[in-house]
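Below is one structure, written out as structure tokens; the observations come after it.
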Amino acid sequence: MTITRAVGEACNQVILLIVRGLALSKIHPNMLTFIGLLINVYAAVLLGRGEFFAGGLVVLGAGLFDMVDGRVARHTNQVTMFGGFFDSVLDRYSDLGLLMGLLVYYASIDRFFYVVLTAVVMTGSVMVSYTRARAENTIPQCKVGFAERPERVVLLIIGALFDRMAPVLWVIAVLANLTVIHRMIYTFQEAKRLEEAQLRPAGKDKNGAAVV
């Protein structure tokens, strides 16, 4: 067993114990999601004050709630369609809240360029989620691209803990918007393929030959 796998399994066991404990407490999974939002709001306040290291630790703690709310729902048979919707909506508020904290900080120290950069990151973050949601109204699935929420949160934590927020914002700005472009291209290709399949006569392949 590799060290990486051993660490992963150890972390998974810890999370499983937490999930079982929360399940026994009978706390509703949606409440865990809401608590995660409140913790992220506190992290946003810390980021707005320029207390990046403390803010990074708090975001790390909030991530625990992101990891366990769905597992608790499955463990206690409380999985609902609204629960998934609620989790997704509050995740967006959490993401934007953290970035608003950075906007406040950069505005307070009169760094106009980084205010704009943070706004670009906010736009990219929202559009990554929007393009997937909108695409999946047209095609079955659209999960392509690197800069999904877990990756963006990890990058923000790294930037906060190691005082490298400025370069991290650059990375997120580029990757998030590249992900949006990737999803647009992927959706175009998949939608075209599905449309061609619908127009194709039954029993024919894409070249019009009979399928045996």
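Ordered as shown in the structure tokens, chains take letters A, B, and onward, while each chain numbers its residues from 1 and ligands are numbered from 1 in the order shown.
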Any chance you could tabulate, as a tab-separated table, the residues of stretch 89-135 of chain A at most 7 Å from stretch 166-179 of chain A with each one's nearest atom pair and distance in Å to one decimal, using only C-alpha atoms, in chain and rising number order?
residue	atom	partner	partner_atom	distance
A:Thr118	CA	A:Leu169	CA	6.7
A:Val120	CA	A:Ala173	CA	6.2
A:Val121	CA	A:Ala173	CA	4.7
A:Gly124	CA	A:Ala176	CA	5.1
A:Ser125	CA	A:Ala176	CA	6.1
A:Val128	CA	A:Ala176	CA	6.4
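Minimum distance to A:Gly50 across A:Phe34, A:Tyr106, A:Tyr93, A:Phe65 (counting only C-alpha atoms) occurs at A:Tyr106.
Proximity ranking of A:Met165, A:Leu98, A:Ala119, A:Met81 relative to A:Tyr42 places A:Leu98 first, based on only C-alpha atoms.
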Residues near A:Met184, cut-off 12 Å, only C-alpha atoms, skip fewer than 2 positions along chain, as an NGL selection string: :A and (127-128 or 130-136 or 138-139 or 142-145 or 177-182 or 186-191)
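Minimum atom-to-atom distance to A:Val79, evaluated using only C-alpha atoms, belongs to A:Asn30 out of A:Asn137, A:Arg200, A:Leu194, A:Asn30.
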message: Just want the 9 Å neighbourhood of A:Gly70, counted on only C-alpha atoms, with same-chain residues fewer than 6 positions away dropped. Output as a PyMOL selection string.
response: chain A and resi 29-30+33+79+83-84+87
Write a file of the just-selected residues containing C-alpha atoms, as a PDB file, in the first residue's frame.
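Saved to part_37.pdb:
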ATOM      1  CA  PRO A  29     -28.328  17.127   6.546  1.00  0.00           C
ATOM      2  CA  ASN A  30     -29.715  20.466   5.337  1.00  0.00           C
ATOM      3  CA  THR A  33     -25.213  22.492   4.779  1.00  0.00           C
ATOM      4  CA  VAL A  79     -31.630  11.978   0.457  1.00  0.00           C
ATOM      5  CA  GLY A  83     -31.476  18.569  -0.508  1.00  0.00           C
ATOM      6  CA  GLY A  84     -29.264  18.449  -3.593  1.00  0.00           C
ATOM      7  CA  ASP A  87     -26.686  22.224  -1.179  1.00  0.00           C
TER       8      ASP A  87
END
field: atom CA of A:Val68 to atom CA of A:Phe162, distance in Å rounded to a single decimal
entry: 26.1 Å
- request: List every residue of stretch 108-191 of chain A that DSSP, applied to the backbone, labels as helix (DSSP H, G or I), and write the result as a ChimeraX atom specification.
  value: /A:108,112-135,149-161,165-191
Serialized selection, C-alpha atoms, as a PDB file, in the first residue's frame:
ATOM      1  CA  SER A 108      -9.570  48.610   1.645  1.00  0.00           C
ATOM      2  CA  PHE A 112      -7.866  48.362  -7.791  1.00  0.00           C
ATOM      3  CA  PHE A 113      -6.294  45.824 -10.135  1.00  0.00           C
ATOM      4  CA  TYR A 114      -6.882  42.970  -7.668  1.00  0.00           C
ATOM      5  CA  VAL A 115     -10.459  44.126  -7.125  1.00  0.00           C
ATOM      6  CA  VAL A 116     -10.985  43.637 -10.863  1.00  0.00           C
ATOM      7  CA  LEU A 117      -9.117  40.312 -10.834  1.00  0.00           C
ATOM      8  CA  THR A 118     -11.296  39.042  -7.976  1.00  0.00           C
ATOM      9  CA  ALA A 119     -14.392  40.134  -9.910  1.00  0.00           C
ATOM     10  CA  VAL A 120     -13.144  38.111 -12.899  1.00  0.00           C
ATOM     11  CA  VAL A 121     -12.709  35.103 -10.599  1.00  0.00           C
ATOM     12  CA  MET A 122     -16.246  35.587  -9.264  1.00  0.00           C
ATOM     13  CA  THR A 123     -17.628  35.688 -12.799  1.00  0.00           C
ATOM     14  CA  GLY A 124     -15.696  32.595 -13.851  1.00  0.00           C
ATOM     15  CA  SER A 125     -16.769  30.686 -10.737  1.00  0.00           C
ATOM     16  CA  VAL A 126     -20.442  31.410 -11.335  1.00  0.00           C
ATOM     17  CA  MET A 127     -20.182  30.601 -15.037  1.00  0.00           C
ATOM     18  CA  VAL A 128     -18.511  27.234 -14.383  1.00  0.00           C
ATOM     19  CA  SER A 129     -21.578  26.193 -12.405  1.00  0.00           C
ATOM     20  CA  TYR A 130     -24.039  27.858 -14.768  1.00  0.00           C
ATOM     21  CA  THR A 131     -22.641  26.296 -17.931  1.00  0.00           C
ATOM     22  CA  ARG A 132     -22.892  22.816 -16.442  1.00  0.00           C
ATOM     23  CA  ALA A 133     -26.448  23.389 -15.176  1.00  0.00           C
ATOM     24  CA  ARG A 134     -27.571  24.888 -18.482  1.00  0.00           C
ATOM     25  CA  ALA A 135     -25.754  22.307 -20.590  1.00  0.00           C
ATOM     26  CA  ARG A 149     -15.787  23.920  -6.914  1.00  0.00           C
ATOM     27  CA  PRO A 150     -13.511  21.525  -4.934  1.00  0.00           C
ATOM     28  CA  GLU A 151     -10.465  22.566  -6.965  1.00  0.00           C
ATOM     29  CA  ARG A 152     -11.278  26.277  -6.583  1.00  0.00           C
ATOM     30  CA  VAL A 153     -11.754  25.951  -2.826  1.00  0.00           C
ATOM     31  CA  VAL A 154      -8.487  24.043  -2.430  1.00  0.00           C
ATOM     32  CA  LEU A 155      -6.666  26.740  -4.385  1.00  0.00           C
ATOM     33  CA  LEU A 156      -8.174  29.469  -2.184  1.00  0.00           C
ATOM     34  CA  ILE A 157      -7.112  27.570   0.942  1.00  0.00           C
ATOM     35  CA  ILE A 158      -3.557  27.247  -0.416  1.00  0.00           C
ATOM     36  CA  GLY A 159      -3.472  30.957  -1.262  1.00  0.00           C
ATOM     37  CA  ALA A 160      -4.705  31.923   2.196  1.00  0.00           C
ATOM     38  CA  LEU A 161      -2.514  29.578   4.238  1.00  0.00           C
ATOM     39  CA  MET A 165      -3.552  34.747  -2.729  1.00  0.00           C
ATOM     40  CA  ALA A 166      -2.646  37.000  -5.662  1.00  0.00           C
ATOM     41  CA  PRO A 167      -1.087  34.247  -7.839  1.00  0.00           C
ATOM     42  CA  VAL A 168      -3.862  31.857  -6.821  1.00  0.00           C
ATOM     43  CA  LEU A 169      -6.462  34.337  -8.064  1.00  0.00           C
ATOM     44  CA  TRP A 170      -4.651  34.445 -11.406  1.00  0.00           C
ATOM     45  CA  VAL A 171      -4.706  30.649 -11.620  1.00  0.00           C
ATOM     46  CA  ILE A 172      -8.415  30.431 -10.765  1.00  0.00           C
ATOM     47  CA  ALA A 173      -9.300  33.242 -13.185  1.00  0.00           C
ATOM     48  CA  VAL A 174      -7.569  31.459 -16.057  1.00  0.00           C
ATOM     49  CA  LEU A 175      -8.691  27.905 -15.231  1.00  0.00           C
ATOM     50  CA  ALA A 176     -12.306  28.833 -14.462  1.00  0.00           C
ATOM     51  CA  ASN A 177     -12.803  30.679 -17.719  1.00  0.00           C
ATOM     52  CA  LEU A 178     -10.999  27.970 -19.690  1.00  0.00           C
ATOM     53  CA  THR A 179     -13.378  25.469 -18.082  1.00  0.00           C
ATOM     54  CA  VAL A 180     -16.334  27.559 -19.255  1.00  0.00           C
ATOM     55  CA  ILE A 181     -14.964  27.604 -22.811  1.00  0.00           C
ATOM     56  CA  HIS A 182     -14.275  23.852 -22.659  1.00  0.00           C
ATOM     57  CA  ARG A 183     -17.853  23.190 -21.545  1.00  0.00           C
ATOM     58  CA  MET A 184     -19.259  25.371 -24.312  1.00  0.00           C
ATOM     59  CA  ILE A 185     -17.265  23.460 -26.943  1.00  0.00           C
ATOM     60  CA  TYR A 186     -18.167  20.090 -25.400  1.00  0.00           C
ATOM     61  CA  THR A 187     -21.861  20.999 -25.267  1.00  0.00           C
ATOM     62  CA  PHE A 188     -21.782  22.138 -28.901  1.00  0.00           C
ATOM     63  CA  GLN A 189     -20.217  18.844 -29.965  1.00  0.00           C
ATOM     64  CA  GLU A 190     -22.562  16.681 -27.896  1.00  0.00           C
ATOM     65  CA  ALA A 191     -25.683  18.625 -28.894  1.00  0.00           C
TER      66      ALA A 191
END
